[in-house]
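Shown below: data.tsv, with TSV, C-alpha atoms.
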chain	number	residue	atom	x	y	z
A	1	MET	CA	97.08	75.42	126.44
A	2	ASN	CA	94.08	76.18	124.23
A	3	THR	CA	93.02	79.82	124.08
A	4	PHE	CA	89.31	80.61	123.91
A	5	ASN	CA	88.33	82.30	120.65
A	6	PRO	CA	84.76	83.63	120.39
A	7	LEU	CA	84.86	83.73	116.57
A	8	ARG	CA	82.95	80.63	115.50
A	9	ASP	CA	84.59	80.32	112.08
A	10	ALA	CA	88.16	81.06	113.20
A	11	ILE	CA	90.62	78.91	111.30
A	12	PRO	CA	93.03	76.47	113.01
A	13	ILE	CA	96.32	78.34	112.74
A	14	GLY	CA	98.28	75.18	113.48
A	15	ASP	CA	97.05	73.66	110.21
A	16	LEU	CA	98.69	76.36	108.08
A	17	THR	CA	101.80	75.62	106.05
A	18	ARG	CA	101.89	78.36	103.41
A	19	VAL	CA	99.99	81.65	103.10
A	20	LEU	CA	99.73	84.11	100.22
A	21	VAL	CA	99.01	87.79	100.94
A	22	ILE	CA	97.86	89.80	97.90
A	23	LYS	CA	98.21	93.59	97.82
A	24	LEU	CA	97.83	95.04	94.33
A	25	ARG	CA	97.94	98.77	94.92
A	26	HIS	CA	100.43	101.65	95.05
A	27	HIS	CA	103.63	101.88	97.10
A	28	GLY	CA	102.15	103.39	100.24
A	29	ASP	CA	99.25	100.95	100.22
A	30	VAL	CA	101.67	98.03	100.06
A	31	LEU	CA	103.80	99.42	102.87
A	32	VAL	CA	100.89	99.86	105.27
A	33	SER	CA	100.04	96.18	104.73
A	34	THR	CA	103.44	95.00	106.07
A	35	PRO	CA	102.15	94.53	109.66
A	36	VAL	CA	99.96	91.70	108.34
A	37	PHE	CA	103.09	89.66	107.63
A	38	SER	CA	104.68	90.44	111.01
A	39	ALA	CA	101.53	89.72	113.01
A	40	LEU	CA	100.80	86.47	111.18
A	41	LYS	CA	104.38	85.25	111.56
A	42	ALA	CA	104.25	85.98	115.30
A	43	HIS	CA	101.19	83.73	115.63
A	44	ALA	CA	102.50	81.01	113.31
A	45	PRO	CA	106.32	81.07	113.33
A	46	THR	CA	106.72	77.99	111.13
A	47	VAL	CA	104.36	79.17	108.37
A	48	GLU	CA	105.84	80.34	105.07
A	49	ILE	CA	104.25	83.65	104.05
A	50	ASP	CA	104.49	84.93	100.46
A	51	ALA	CA	103.49	88.28	98.98
A	52	LEU	CA	101.96	89.04	95.59
A	53	VAL	CA	102.42	92.68	94.56
A	54	TYR	CA	103.01	94.77	91.47
A	55	ALA	CA	106.63	94.64	90.33
A	56	ASP	CA	107.21	98.38	90.83
A	57	THR	CA	106.15	98.12	94.48
A	58	ALA	CA	108.16	95.00	95.33
A	59	GLU	CA	110.90	96.96	97.13
A	60	MET	CA	108.34	97.79	99.79
A	61	VAL	CA	108.32	94.16	100.94
A	62	THR	CA	111.57	92.52	99.81
A	63	LEU	CA	113.90	91.71	102.74
A	64	HIS	CA	110.92	91.71	105.13
A	65	PRO	CA	111.95	89.12	107.75
A	66	ALA	CA	108.50	87.46	107.79
A	67	ILE	CA	108.22	87.01	104.01
A	68	THR	CA	109.49	83.88	102.27
A	69	GLN	CA	108.88	84.80	98.62
A	70	VAL	CA	107.74	87.90	96.76
A	71	HIS	CA	105.75	87.21	93.58
A	72	ARG	CA	105.40	90.06	91.11
A	73	ILE	CA	102.89	91.18	88.52
A	74	ASP	CA	104.51	93.51	86.02
A	75	ARG	CA	102.08	96.07	84.66
A	76	GLN	CA	104.33	96.26	81.59
A	77	TRP	CA	103.42	92.70	80.55
A	78	LYS	CA	100.69	94.16	78.36
A	79	ARG	CA	103.44	95.60	76.14
A	80	LEU	CA	104.68	92.09	75.37
A	81	GLY	CA	101.73	91.44	73.08
A	82	ALA	CA	98.97	88.90	73.63
A	83	LEU	CA	101.27	85.86	73.50
A	84	GLY	CA	103.97	87.40	75.69
A	85	GLN	CA	101.45	88.51	78.30
A	86	PHE	CA	99.81	85.06	78.29
A	87	ARG	CA	103.17	83.40	78.92
A	88	ALA	CA	104.02	85.77	81.76
A	89	GLU	CA	100.64	85.20	83.39
A	90	ARG	CA	100.94	81.44	82.92
A	91	ASN	CA	104.38	81.40	84.53
A	92	LEU	CA	103.09	83.37	87.50
A	93	LEU	CA	100.12	81.06	87.96
A	94	SER	CA	102.38	78.01	87.78
A	95	ALA	CA	104.68	79.46	90.41
A	96	LEU	CA	101.74	80.20	92.70
A	97	LYS	CA	100.19	76.76	92.21
A	98	ALA	CA	103.50	75.10	93.08
A	99	ARG	CA	103.39	76.74	96.52
A	100	GLN	CA	100.11	74.98	97.46
A	101	TYR	CA	98.71	77.70	99.73
A	102	ASP	CA	96.42	76.78	102.61
A	103	LEU	CA	95.28	80.39	103.06
A	104	ILE	CA	95.02	83.43	100.78
A	105	ILE	CA	94.56	86.90	102.26
A	106	HIS	CA	93.35	89.38	99.63
A	107	LEU	CA	93.61	92.95	100.90
A	108	THR	CA	92.00	94.96	98.09
A	109	GLU	CA	88.98	94.95	95.80
A	110	HIS	CA	91.04	93.81	92.79
A	111	TRP	CA	89.19	91.12	90.84
A	112	ARG	CA	92.43	89.17	90.34
A	113	GLY	CA	92.31	88.13	93.99
A	114	ALA	CA	88.94	86.42	93.55
A	115	TRP	CA	90.08	84.62	90.41
A	116	LEU	CA	93.28	83.44	92.10
A	117	CYS	CA	91.29	82.03	95.01
A	118	ARG	CA	89.20	80.08	92.50
A	119	LEU	CA	92.26	78.82	90.59
A	120	LEU	CA	94.58	78.09	93.52
A	121	LYS	CA	91.86	76.49	95.67
A	122	PRO	CA	93.22	77.23	99.15
A	123	ARG	CA	91.41	75.72	102.11
A	124	TRP	CA	90.64	79.23	103.40
A	125	ALA	CA	90.55	82.65	101.77
A	126	VAL	CA	89.84	86.10	103.20
A	127	GLY	CA	88.67	89.02	101.06
A	128	PRO	CA	86.78	92.31	101.34
A	129	GLY	CA	83.05	92.07	101.66
A	130	ILE	CA	81.58	94.04	98.76
A	131	ALA	CA	77.80	93.82	98.46
A	132	THR	CA	77.72	95.02	94.85
A	133	ARG	CA	80.07	92.28	93.60
A	134	GLY	CA	77.51	89.47	93.68
A	135	LYS	CA	77.80	85.74	94.23
A	136	PHE	CA	80.96	85.08	92.22
A	137	TRP	CA	82.97	87.48	94.39
A	138	ALA	CA	81.49	86.35	97.70
A	139	GLY	CA	81.82	82.69	96.75
A	140	SER	CA	85.54	83.11	96.06
A	141	PHE	CA	86.32	83.51	99.76
A	142	SER	CA	85.62	81.45	102.86
A	143	HIS	CA	85.67	84.61	105.01
A	144	LEU	CA	84.58	88.16	104.12
A	145	GLN	CA	86.00	91.17	105.93
A	146	ARG	CA	84.25	94.43	106.71
A	147	MET	CA	85.95	97.45	105.08
A	148	HIS	CA	85.91	101.21	104.61
A	149	ASN	CA	85.67	102.78	108.06
A	150	PRO	CA	86.95	106.35	107.49
A	151	LEU	CA	87.91	106.64	111.17
A	152	ARG	CA	90.10	103.52	111.11
A	153	HIS	CA	93.73	103.61	110.02
A	154	MET	CA	94.50	101.46	107.00
A	155	VAL	CA	97.05	99.52	109.04
A	156	GLU	CA	94.24	98.33	111.30
A	157	THR	CA	91.94	97.73	108.33
A	158	ASN	CA	94.58	95.45	106.81
A	159	LEU	CA	95.04	93.69	110.14
A	160	ASP	CA	91.27	93.17	110.30
A	161	ALA	CA	91.78	90.45	107.68
A	162	LEU	CA	93.65	88.49	110.36
A	163	ARG	CA	91.07	89.31	113.03
A	164	ARG	CA	88.39	87.94	110.71
A	165	ILE	CA	89.96	84.47	110.88
A	166	GLY	CA	90.59	84.55	114.62
A	167	ILE	CA	94.08	86.07	114.87
A	168	GLN	CA	94.36	89.05	117.22
A	169	PRO	CA	97.52	91.00	116.27
A	170	ALA	CA	99.79	91.82	119.20
A	171	PRO	CA	100.36	95.57	119.69
A	172	ASP	CA	104.11	95.21	119.20
A	173	LYS	CA	103.61	93.51	115.82
A	174	ARG	CA	101.58	96.29	114.22
A	175	HIS	CA	104.52	98.43	113.10
A	176	LEU	CA	105.42	99.07	109.47
A	177	THR	CA	108.50	97.26	108.19
A	178	LEU	CA	110.83	98.31	105.39
A	179	VAL	CA	114.40	96.97	105.31
A	180	PRO	CA	116.72	99.14	103.15
A	181	GLY	CA	119.50	96.54	102.97
A	182	GLU	CA	123.25	96.88	102.95
A	183	ALA	CA	123.63	97.98	99.31
A	184	ALA	CA	121.16	100.84	99.70
A	185	THR	CA	122.68	101.92	103.02
A	186	ASN	CA	126.16	102.04	101.48
A	187	ALA	CA	124.94	103.97	98.43
A	188	VAL	CA	123.31	106.59	100.65
A	189	ALA	CA	126.43	106.83	102.82
A	190	THR	CA	128.35	107.78	99.68
A	191	HIS	CA	125.84	110.53	98.85
A	192	LEU	CA	125.97	111.89	102.39
A	193	ALA	CA	129.77	111.93	102.37
A	194	SER	CA	129.72	113.90	99.10
A	195	PHE	CA	127.47	116.47	100.81
A	196	GLY	CA	129.70	116.60	103.89
A	197	LEU	CA	126.83	115.23	105.97
A	198	ASP	CA	128.17	111.78	106.80
A	199	ASN	CA	128.45	112.69	110.49
A	200	LYS	CA	125.91	115.52	110.65
A	201	ALA	CA	122.20	115.74	111.31
A	202	TYR	CA	119.84	116.70	108.51
A	203	ILE	CA	116.14	117.02	107.72
A	204	HIS	CA	114.73	115.11	104.77
A	205	VAL	CA	112.08	117.04	102.81
A	206	HIS	CA	110.06	115.34	100.08
A	207	PRO	CA	107.66	118.00	98.75
A	208	ALA	CA	105.77	116.05	96.10
A	209	SER	CA	103.23	113.28	95.73
A	210	ARG	CA	102.33	111.41	92.57
A	211	TRP	CA	98.95	113.15	93.07
A	212	PHE	CA	99.71	116.87	92.83
A	213	PHE	CA	96.44	117.90	94.47
A	214	LYS	CA	98.03	116.58	97.69
A	215	CYS	CA	100.99	118.96	97.35
A	216	TRP	CA	101.63	122.17	99.26
A	217	PRO	CA	102.24	125.34	97.18
A	218	VAL	CA	105.85	125.83	96.08
A	219	ASP	CA	106.09	129.28	97.69
A	220	HIS	CA	105.04	127.86	101.06
A	221	MET	CA	107.52	124.98	100.89
A	222	ALA	CA	110.33	127.35	99.95
A	223	ALA	CA	109.45	129.66	102.83
A	224	LEU	CA	109.47	126.74	105.26
A	225	ILE	CA	112.86	125.47	104.05
A	226	ALA	CA	114.30	128.98	104.27
A	227	ARG	CA	113.20	129.18	107.92
A	228	LEU	CA	114.71	125.78	108.64
A	229	GLN	CA	117.96	126.89	107.02
A	230	ALA	CA	117.98	130.07	109.10
A	231	ALA	CA	117.53	127.92	112.21
A	232	GLY	CA	120.70	126.03	111.30
A	233	HIS	CA	119.25	122.83	109.88
A	234	ALA	CA	120.83	121.01	106.94
A	235	ILE	CA	118.22	120.00	104.37
A	236	ILE	CA	118.12	117.27	101.74
A	237	MET	CA	115.28	117.40	99.22
A	238	THR	CA	114.21	114.40	97.17
A	239	ALA	CA	111.81	113.73	94.32
A	240	ALA	CA	110.73	110.88	92.10
A	241	PRO	CA	112.19	110.56	88.57
A	242	SER	CA	109.50	112.60	86.85
A	243	ARG	CA	109.62	115.94	85.06
A	244	GLU	CA	106.82	117.33	87.20
A	245	GLU	CA	108.54	116.56	90.50
A	246	GLN	CA	111.91	117.76	89.22
A	247	SER	CA	110.26	121.01	88.12
A	248	MET	CA	108.81	121.40	91.61
A	249	LEU	CA	112.24	121.00	93.21
A	250	ASP	CA	113.77	123.48	90.75
A	251	ALA	CA	111.04	126.00	91.55
A	252	ILE	CA	111.64	125.60	95.29
A	253	GLN	CA	115.40	125.95	94.88
A	254	ALA	CA	114.93	129.13	92.83
A	255	ARG	CA	113.10	130.74	95.76
A	256	LEU	CA	115.66	129.87	98.45
A	257	PRO	CA	118.32	132.28	99.73
A	258	ALA	CA	120.84	129.43	99.49
A	259	PRO	CA	120.49	126.09	97.66
A	260	VAL	CA	119.92	122.87	99.56
A	261	PHE	CA	121.20	119.40	98.77
A	262	THR	CA	118.98	117.45	96.39
A	263	LEU	CA	118.70	113.83	95.29
A	264	SER	CA	116.11	113.96	92.58
A	265	GLY	CA	115.27	110.85	90.62
A	266	VAL	CA	118.53	109.08	91.47
A	267	LEU	CA	117.49	106.96	94.46
A	268	SER	CA	115.85	103.56	94.43
A	269	LEU	CA	113.04	103.03	96.92
A	270	LYS	CA	115.45	101.14	99.19
A	271	GLU	CA	117.93	104.03	98.97
A	272	LEU	CA	115.19	106.53	99.74
A	273	ALA	CA	114.40	104.48	102.84
A	274	ALA	CA	118.08	104.44	103.85
A	275	LEU	CA	118.31	108.21	103.40
A	276	THR	CA	115.20	108.79	105.51
A	277	LYS	CA	116.37	106.37	108.19
A	278	SER	CA	119.48	108.49	108.77
A	279	ALA	CA	117.54	111.78	108.97
A	280	ARG	CA	116.53	113.51	112.19
A	281	LEU	CA	113.15	114.39	110.74
A	282	PHE	CA	111.05	113.83	107.63
A	283	ILE	CA	108.75	116.55	106.26
A	284	GLY	CA	106.34	115.83	103.44
A	285	VAL	CA	102.78	115.40	102.27
A	286	ASP	CA	100.52	112.34	102.19
A	287	SER	CA	102.68	110.12	100.01
A	288	ALA	CA	104.64	106.87	99.92
A	289	PRO	CA	107.83	108.58	101.22
A	290	MET	CA	105.88	109.64	104.32
A	291	HIS	CA	104.97	106.00	104.98
A	292	ILE	CA	108.58	105.00	104.27
A	293	ALA	CA	109.72	107.41	106.97
A	294	ALA	CA	107.32	105.83	109.44
A	295	ALA	CA	108.49	102.36	108.44
A	296	VAL	CA	112.16	103.16	109.17
A	297	GLY	CA	111.37	104.90	112.46
A	298	THR	CA	112.03	108.53	111.53
A	299	PRO	CA	109.83	111.23	113.14
A	300	VAL	CA	107.38	112.69	110.61
A	301	VAL	CA	105.75	116.04	109.98
A	302	ALA	CA	102.99	115.35	107.46
A	303	LEU	CA	100.79	117.88	105.66
A	304	PHE	CA	97.29	116.65	104.89
A	305	GLY	CA	94.61	118.22	102.74
A	306	PRO	CA	91.88	116.33	100.87
A	307	SER	CA	93.06	112.90	102.03
A	308	GLY	CA	92.20	111.53	105.45
A	309	ASP	CA	94.88	111.58	108.12
A	310	LYS	CA	92.90	109.24	110.36
A	311	GLN	CA	93.16	106.55	107.67
A	312	TRP	CA	96.53	107.44	106.18
A	313	GLY	CA	98.52	109.41	108.75
A	314	PRO	CA	102.05	108.50	109.93
A	315	TRP	CA	101.87	105.19	111.78
A	316	GLY	CA	103.86	104.12	114.80
A	317	VAL	CA	106.41	106.96	115.04
A	318	PRO	CA	106.53	110.36	116.78
A	319	SER	CA	104.69	112.65	114.39
A	320	ARG	CA	102.77	115.84	113.80
A	321	VAL	CA	99.95	116.07	111.28
A	322	VAL	CA	99.40	119.59	110.02
A	323	ALA	CA	95.91	119.96	108.59
A	324	SER	CA	93.29	122.65	108.29
A	325	ASP	CA	90.68	123.00	111.04
A	326	THR	CA	88.78	125.66	109.08
A	327	HIS	CA	87.66	123.44	106.20
A	328	PRO	CA	84.85	121.17	107.44
A	329	CYS	CA	84.70	119.59	103.97
A	330	ARG	CA	88.01	117.78	104.43
A	331	PRO	CA	88.86	115.03	103.94
A	332	CYS	CA	86.92	114.93	100.68
A	333	GLY	CA	89.21	112.73	98.60
A	334	HIS	CA	88.73	114.97	95.57
A	335	ASP	CA	91.47	115.98	93.13
A	336	GLY	CA	91.48	119.58	94.28
A	337	CYS	CA	88.53	121.82	95.05
A	338	GLY	CA	85.92	121.30	92.34
A	339	GLY	CA	88.34	118.99	90.54
A	340	GLY	CA	90.64	121.96	89.91
A	341	LYS	CA	93.80	120.17	91.13
A	342	ILE	CA	94.42	122.78	93.86
A	343	SER	CA	93.25	122.02	97.39
A	344	ASP	CA	92.33	125.09	99.44
A	345	CYS	CA	92.67	123.15	102.69
A	346	LEU	CA	96.37	122.63	101.86
A	347	ALA	CA	97.03	126.05	100.32
A	348	THR	CA	95.84	127.82	103.47
A	349	LEU	CA	98.33	126.00	105.74
A	350	THR	CA	101.10	128.45	106.58
A	351	PRO	CA	104.87	127.94	106.75
A	352	ASP	CA	104.68	129.14	110.37
A	353	GLN	CA	102.36	126.24	111.27
A	354	VAL	CA	104.63	123.63	109.71
A	355	PHE	CA	107.81	125.18	111.12
A	356	ALA	CA	106.32	125.18	114.61
A	357	ALA	CA	105.35	121.52	114.22
A	358	ALA	CA	108.86	120.63	113.05
A	359	GLU	CA	110.59	122.45	115.89
A	360	ALA	CA	108.27	120.92	118.47
A	361	LEU	CA	108.84	117.42	117.16
A	362	LEU	CA	112.61	117.90	116.98
A	363	ALA	CA	112.63	119.09	120.61
A	364	GLU	CA	110.49	116.13	121.63
A	365	THR	CA	112.71	113.54	119.95
A	366	LEU	CA	116.17	114.83	120.90
Starting from the file, lay out its structure as structure tokens.
Amino acid sequence: MNTFNPLRDAIPIGDLTRVLVIKLRHHGDVLVSTPVFSALKAHAPTVEIDALVYADTAEMVTLHPAITQVHRIDRQWKRLGALGQFRAERNLLSALKARQYDLIIHLTEHWRGAWLCRLLKPRWAVGPGIATRGKFWAGSFSHLQRMHNPLRHMVETNLDALRRIGIQPAPDKRHLTLVPGEAATNAVATHLASFGLDNKAYIHVHPASRWFFKCWPVDHMAALIARLQAAGHAIIMTAAPSREEQSMLDAIQARLPAPVFTLSGVLSLKELAALTKSARLFIGVDSAPMHIAAAVGTPVVALFGPSGDKQWGPWGVPSRVVASDTHPCRPCGHDGCGGGKISDCLATLTPDQVFAAAEALLAETL
């Protein structure tokens, strides 16, 4: 039975064979685009859907049940020299051309998406409508999508690319998806056994973000963890493999009455997902690990400062967002107040506020 669609330029979904979805951004950005694959596959089960992402973010989408192939752009190609980079780019373009895409969905403002639409010549292409880009940009796409509503979550903004071509995503297909895989699950099980936590509940705390102006002060995080310890909770802290994040964990540990378990810089993204999936609760700031927690179904307590929780908050899981209600300037998106790398709206959040949110969420999700 034909379903009425009021969008005059909706595309005929039945004519699709292969689709390429391009998301060239950071880890969290890629993860919040995963509902696009699920929703599209639900509407067109026989369509092959590929992803094009940066190589370092590929683990966000590999093993996704709706994705056929993951194509990668390695930002390190530029170190290969002009000839080496040309060869890598040529090989990628050849691989993409061989797939003969009917539809390209470009989810960011990256110029590469417009060029690929020109070179791959799909029948249809969806991209962001950007008035300042001119005719070349607009002419690269058959459909332009409205963007940048600060009150709309980025999951829905990504899904708007499907709505623009006549596909209305079903509510049960709008969840984030990240599949850790058997190898990552087994590796994490070994870590938990070494901690004596293989059959015990724990809280996963990831204090840092790659953007330090999104981070809570070390003293506050240490005070929160100490209260959680006093309440009988086992804690595992994690950090990315960087000196700055390791230094943050060391500083937190130095302020605790008793050390907590840490896995700093030793987990792959898939292993981080497996660790979070086994936790009772995740506590962290606006960061990729927060989105990973949501993707694996773990309840989230998220601290937000200058970034917008309406756009970037935990999606699809029981959660509590702890944010200042005394700073009308947030979310400003700035790198700290006055560009000073310290955000007052975060610094004024108290350990009591976050502890209360954690205890309430734990009680709610028992």
For a quick check of understanding, using all atoms listed in the file, which of A:Val53, A:Thr190, A:Trp216, A:Val32 has the smallest distance to A:Gly313? A:Val32
Given 4 Å of margin on each side, can you work out the centre and size in Å (one decimal) of an axis-aligned box holding every listed atom of stretch 2-21 of chain A, as lines of an AutoDock Vina configuration file?
center_x = 92.4
center_y = 80.7
center_z = 112.2
size_x = 26.9
size_y = 22.1
size_z = 32.0
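Distances here use all atoms listed in the file; by that measure, the residue among A:Val317, A:Ile292, A:Tyr202, A:Gly297 closest to A:Phe261 is A:Tyr202.
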Point out the residue among A:Cys345, A:Leu120, A:Ala58, A:Ala357 with the least atom-to-atom distance to A:Val321, counting all atoms listed in the file. A:Ala357
For stretch 164-167 of chain A, find every residue with an atom within 7 Å (counting all atoms listed in the file), except residues of its own chain fewer than 4 positions away, and show them as a tab-separated table (two decimals) with C-alpha atoms, in the frame of the given file.
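Output below, filename out_39.tsv:
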chain	number	residue	atom	x	y	z
A	5	ASN	CA	88.33	82.30	120.65
A	7	LEU	CA	84.86	83.73	116.57
A	9	ASP	CA	84.59	80.32	112.08
A	10	ALA	CA	88.16	81.06	113.20
A	11	ILE	CA	90.62	78.91	111.30
A	145	GLN	CA	86.00	91.17	105.93
A	160	ASP	CA	91.27	93.17	110.30
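Take the candidates A:Lys41, A:His143, A:Arg320, A:Arg18 and check each one against A:His64 using only C-alpha atoms; the shortest distance goes to A:Lys41.
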Mind listing whatever residues come within 7 Å of the point (99.3, 122.8, 99.3)? Use all atoms listed in the file, file coordinates, and give them as a VMD selection string. chain A and resid 214 to 217 343 346 to 347
Which polymer residues, protein or nucleic acid, are no farther than 7 Å from (102.3, 95.0, 93.6), counting all atoms listed in the file, as JSON, numbers by chain? {"A": [23, 24, 25, 52, 53, 54, 55, 56, 57, 58, 72, 73]}
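For the pair atom CA of A:Arg255 and atom CA of A:Pro207, the separation is 14.2 Å.
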For A:Ala51, which residue among A:Arg8, A:Ile342, A:Ala363, A:Leu96 is the nearest when counting all atoms listed in the file? A:Leu96
Which neighbours of stretch 107-115 of chain A fall inside 8 Å, counting only C-alpha atoms, when residues of the same chain fewer than 4 positions from it are skipped, and could you give them as a list in words? Val21, Ile22, Lys23, Leu24, Arg25, Leu119, Gly127, Pro128, Trp137, Ser140, Phe141, Asn158 and Ala161 of chain A
Extract, using all atoms listed in the file, all DNA, RNA and protein residues at most 10 Å from A:Leu366, discarding same-chain residues fewer than 4 positions from it, and format them as an MDAnalysis selection string. chainID A and resid 280 361:362
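Nearest residue to A:Thr46 among A:Leu31, A:Leu80, A:Ile13, A:Val70 is A:Ile13, counting all atoms listed in the file.
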Record the distance separating atom CA of A:Arg75 and atom CA of A:Ser268, expressed in Å with one decimal. 18.5 Å
